[in-house]
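S.K.: The structure follows.
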Amino acid sequence: MSAGALRIPRSASGRGQVHAVAACYFVASFAALGLPPYLTEILPGLGDRDARWAGVLYVVPTVFGGIAAPMWGRLADRYGRKRLLLRAQLGLAVAFLLAGWADSLATFTVALVLQGILGGTFAASNGYLGAALEGPALSKALTLMQGSARAALVFAPIVVGALSGWLSPHRQYALLAVLPLTAALLLAALPEPEPVARATSETATADPTPPLVSLRALYALEFAFVFSTVISFPYLIALVDDRLPDTSPTLSGVLFALPHLCYLVAALAVHSRFRGRPRSGIVLGFVLIALGLAGHGVVDSLPALIAVRLLLGAGLTLGLVCLQVLAADCAQGRAPGGLFGSLEFFSKAGAVAAGLAAAAGSVRFGPAAPVLTGAAAAAVTAAATLLPSMTPRWSR
C-alpha cells in the first residue's frame, strides 16, 4: 500500500475527535460498570431478599450485548457509523431509565436485557474510529478507548458508592441515564467519518501485505485474553479476605484496581514500543498474566499480593495494547463495523465463560480456583500463539 493510500481526512480523524469519542465512552460507561457491583443491594428491594439472582443478572447485559454486537456492526457499515453510535448511547439511556424506575424483578431484568441489546457503545465507538483511521493511528486510538474503559472500571464504583449516601444504587440508574444522553449530544456535533483512501488494485497486487494474524486467531486471542483476566474479578475480594483477614474494604478496592491503573499509566508507552512487534508483546503479556495469576494462589502477605497484582497489570497492559494493534491490522481492507462487532461478541463470550468458570470453581475448590484456572488458560494461549498456524499464508 502506497503512502498516499494512508491519507486520513482531518475532519474525521483529528485528535480532538478521537478524544471526544473516548470521553463519551467513559461518560456513558459509568452506570454500566459502576452499578452492577451493587446488585446485592438493589435486588432485595425488588423482591429478591437474598439477592440470589445477582450472579445471573450481572452477566445478562454482557450476554445480550455480545449477541447483538455483530448485527449492530453490520448495520453501522450499511447506514453510517455516527448514526449507530448515537443509537447505542440513546439505547443505554432508555435502558438505564427503565432500570431506575423498575418496581419489580421482572421489569428490572427486562431493562438489563435492553441494556445489552440496545447498548454496544464500545464496539460502535471502535467502528466509528476504524472507518477513518488505519495502522498505528487506529491502534493508538483503540488503546485510548481501552484506557477509557479501564478508567471507568476504576472510578465508577467509587462514585456510585459515594452517591449511595443520599440516593440508592437502584435509583442511580435513572440519574445516571443523563450521562449517555450527554454523550449523545456531544457526539451529534462530530462529523460522519470519511473512509480512508485505499490503494488501487494494481498497487495492492504489486505490494501485498499479509495480516499479522488471521481473523480467526484474533477472535481466539480476544476470547482467551478476556477469559483469563476477567475470571479473577468476581472473587478477588474473597481471596484477599481469605489470605489477609484484616484487610480493609478500601485496601481491597485498591488491590482490585491496581492492574487497571497500570494500564492507565503505561499503555501509550507500551504502544510505542510494541506496535511494530505485537505478536511478541501478546505472548509476553499472556506469560505475565499466567505468572501473576498463579502467584495469587500462593501469596500470603500484603507486599507479595501487591507484587503479583502489578505483575498481572503488566501482562494486562501488554495484552490489551497488542490486541488493539492486531485488531487495527486486521481492520485494513475490511468493514470496521462488522469486524469490531464480531470482536465484541468474542470478548463478551469470554467474559461470560469466565464468570461461569469462576462461580463453578470457587464453589467446588475455594476462592483460589478462578485465578489458577486463568493462569492455566493464559499459559496455554501463550504457547499456542507461537504456532505458525496463527499467521495466515494469504494476503489481504
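We name chains A, B, ... following the order of the C-alpha cells; residues begin at 1 in each chain, and ligands are numbered from 1 as shown.
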Give me every alpha helix (DSSP H) residue in stretch 54-288 of chain A, going by DSSP on the backbone, as a VMD selection string.
M.R.: chain A and resid 54 to 79 81 to 101 105 to 118 121 to 130 135 to 163 169 to 176 178 to 188 201 to 206 215 to 230 236 to 243 249 to 274 278 to 288
S.K.: Could you name the residues that touch A:Tyr235 at 10 Å or less, counting only C-alpha atoms, but leaving out those on the same chain fewer than 3 positions away, as a ChimeraX atom specification?
M.R.: /A:231-232,238-241,355,358-359,362,366-371
S.K.: Go ahead and save the picked residues with N, CA and C atoms, as a PDB file, in the first residue's frame.
M.R.:
```pdb
ATOM      1  N   ILE A 231     -11.754 -13.769  34.750  1.00  0.00           N
ATOM      2  CA  ILE A 231     -12.082 -14.847  35.675  1.00  0.00           C
ATOM      3  C   ILE A 231     -11.620 -14.535  37.101  1.00  0.00           C
ATOM      4  N   SER A 232     -10.633 -13.654  37.243  1.00  0.00           N
ATOM      5  CA  SER A 232     -10.147 -13.304  38.580  1.00  0.00           C
ATOM      6  C   SER A 232     -10.953 -12.195  39.240  1.00  0.00           C
ATOM      7  N   ALA A 238     -12.912 -11.900  47.913  1.00  0.00           N
ATOM      8  CA  ALA A 238     -12.988 -13.075  48.782  1.00  0.00           C
ATOM      9  C   ALA A 238     -11.611 -13.701  48.964  1.00  0.00           C
ATOM     10  N   LEU A 239     -10.802 -13.723  47.909  1.00  0.00           N
ATOM     11  CA  LEU A 239      -9.452 -14.265  48.017  1.00  0.00           C
ATOM     12  C   LEU A 239      -8.589 -13.409  48.931  1.00  0.00           C
ATOM     13  N   VAL A 240      -8.710 -12.082  48.795  1.00  0.00           N
ATOM     14  CA  VAL A 240      -7.949 -11.184  49.672  1.00  0.00           C
ATOM     15  C   VAL A 240      -8.355 -11.395  51.130  1.00  0.00           C
ATOM     16  N   ASP A 241      -9.646 -11.496  51.391  1.00  0.00           N
ATOM     17  CA  ASP A 241     -10.113 -11.728  52.758  1.00  0.00           C
ATOM     18  C   ASP A 241      -9.629 -13.068  53.300  1.00  0.00           C
ATOM     19  N   GLY A 355     -17.046 -15.806  33.945  1.00  0.00           N
ATOM     20  CA  GLY A 355     -17.933 -15.723  35.096  1.00  0.00           C
ATOM     21  C   GLY A 355     -18.473 -17.077  35.514  1.00  0.00           C
ATOM     22  N   ALA A 358     -15.581 -19.113  37.005  1.00  0.00           N
ATOM     23  CA  ALA A 358     -15.214 -18.615  38.334  1.00  0.00           C
ATOM     24  C   ALA A 358     -16.216 -19.075  39.380  1.00  0.00           C
ATOM     25  N   ALA A 359     -17.500 -19.005  39.058  1.00  0.00           N
ATOM     26  CA  ALA A 359     -18.522 -19.422  40.011  1.00  0.00           C
ATOM     27  C   ALA A 359     -18.410 -20.912  40.312  1.00  0.00           C
ATOM     28  N   SER A 362     -14.977 -21.677  42.273  1.00  0.00           N
ATOM     29  CA  SER A 362     -14.905 -21.195  43.654  1.00  0.00           C
ATOM     30  C   SER A 362     -15.798 -22.008  44.581  1.00  0.00           C
ATOM     31  N   GLY A 366     -12.787 -23.392  46.207  1.00  0.00           N
ATOM     32  CA  GLY A 366     -12.412 -22.242  47.007  1.00  0.00           C
ATOM     33  C   GLY A 366     -12.046 -21.039  46.167  1.00  0.00           C
ATOM     34  N   PRO A 367     -11.774 -19.883  46.799  1.00  0.00           N
ATOM     35  CA  PRO A 367     -11.556 -18.628  46.066  1.00  0.00           C
ATOM     36  C   PRO A 367     -10.286 -18.590  45.234  1.00  0.00           C
ATOM     37  N   ALA A 368      -9.344 -19.521  45.455  1.00  0.00           N
ATOM     38  CA  ALA A 368      -8.118 -19.525  44.654  1.00  0.00           C
ATOM     39  C   ALA A 368      -8.311 -20.213  43.311  1.00  0.00           C
ATOM     40  N   ALA A 369      -9.397 -20.972  43.161  1.00  0.00           N
ATOM     41  CA  ALA A 369      -9.598 -21.734  41.924  1.00  0.00           C
ATOM     42  C   ALA A 369      -9.687 -20.844  40.676  1.00  0.00           C
ATOM     43  N   PRO A 370     -10.425 -19.719  40.703  1.00  0.00           N
ATOM     44  CA  PRO A 370     -10.512 -18.901  39.485  1.00  0.00           C
ATOM     45  C   PRO A 370      -9.160 -18.378  38.996  1.00  0.00           C
ATOM     46  N   VAL A 371      -8.308 -17.913  39.905  1.00  0.00           N
ATOM     47  CA  VAL A 371      -7.027 -17.357  39.454  1.00  0.00           C
ATOM     48  C   VAL A 371      -6.132 -18.451  38.884  1.00  0.00           C
TER      49      VAL A 371
END
```
S.K.: For A:Phe256, please output as a CSV table (one decimal) with N, CA and C atoms, in the first residue's frame all residues within 8 Å (counting only C-alpha atoms; exclusion window: fewer than 4 positions along the same chain).
M.R.:
```csv
chain,number,residue,atom,x,y,z
A,233,PHE,N,-11.8,-11.5,38.5
A,233,PHE,CA,-12.5,-10.4,39.0
A,233,PHE,C,-13.6,-10.7,40.1
A,236,LEU,N,-12.1,-11.9,43.7
A,236,LEU,CA,-10.8,-11.4,44.2
A,236,LEU,C,-10.9,-10.9,45.6
A,237,ILE,N,-12.0,-10.2,45.9
A,237,ILE,CA,-12.1,-9.7,47.3
A,237,ILE,C,-12.2,-10.8,48.3
A,252,SER,N,-8.8,-3.4,49.8
A,252,SER,CA,-9.2,-4.4,48.9
A,252,SER,C,-9.6,-3.8,47.5
```
S.K.: What is the atom CA of A:Leu186 to atom CA of A:Leu86 distance in Å?
M.R.: 9.7 Å
S.K.: As an exercise, work out the distance from atom CA of A:Leu118 to atom CA of A:Leu97 in Å and give it to one decimal place.
M.R.: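 These two atoms are separated by 12.9 Å.
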S.K.: List the neighbours of A:Arg87 out to 10 Å using only C-alpha atoms; skip same-chain residues closer than 2 positions along the sequence, and give me the result as a PyMOL selection string.
M.R.: chain A and resi 72+81-85+89-93+118-121+124+184
S.K.: Counting only C-alpha atoms, which residue out of A:Leu39, A:Ala51, A:Val56, A:Ala183 sits closest to A:Tyr25?
M.R.: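 The answer is A:Ala183, which sits nearest to A:Tyr25.
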S.K.: Which residue, A:Ala378, A:Val213, A:Ala23, A:Leu153, has the smallest gap to A:Leu291 when you use only C-alpha atoms?
M.R.: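 Between A:Ala378, A:Val213, A:Ala23, A:Leu153, the residue approaching A:Leu291 most closely is A:Ala378.
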S.K.: Can you pull out the residues contacting stretch 328-334 of chain A? Cut-off 9 Å, using only C-alpha atoms, and skip same-chain residues under 6 positions away; I want them as a JSON list (two decimals) with C-alpha atoms, in the first residue's frame.
M.R.:
```json
[["chain", "number", "residue", "atom", "x", "y", "z"],
["A", 130, "GLY", "CA", -11.97, 2.32, 12.36],
["A", 133, "LEU", "CA", -8.07, 5.56, 10.81],
["A", 134, "GLU", "CA", -5.58, 2.90, 9.81],
["A", 135, "GLY", "CA", -2.47, 1.24, 11.16],
["A", 136, "PRO", "CA", -0.67, 2.87, 14.11],
["A", 137, "ALA", "CA", -3.15, 5.76, 14.24],
["A", 138, "LEU", "CA", -6.06, 3.33, 14.68],
["A", 139, "SER", "CA", -4.27, 1.10, 17.17],
["A", 142, "LEU", "CA", -8.13, 1.83, 20.25],
["A", 198, "ARG", "CA", -7.46, 2.79, -0.15],
["A", 211, "PRO", "CA", -2.04, -9.56, 8.10],
["A", 212, "LEU", "CA", -0.02, -10.32, 11.21],
["A", 213, "VAL", "CA", -2.56, -12.89, 12.39],
["A", 214, "SER", "CA", -5.63, -14.43, 10.82],
["A", 215, "LEU", "CA", -9.05, -13.12, 11.73],
["A", 218, "LEU", "CA", -7.60, -12.56, 16.52],
["A", 340, "PHE", "CA", -15.40, -4.72, 15.74],
["A", 396, "ARG", "CA", -5.40, -9.35, 2.14]]
```
S.K.: Would you pick out the contacts of A:Asp77 at 9 Å or less, using only C-alpha atoms, so that residues sharing its chain but fewer than 5 positions from it are not included, and give the list as a list of chain:residue names?
M.R.: A:Trp72, A:Gly127, A:Ala131, A:Ala335, A:Pro336, A:Gly337, A:Gly338
S.K.: So how far away is atom CA of A:Thr317 from atom CA of A:Gly341, in Å?
M.R.: 22.2 Å
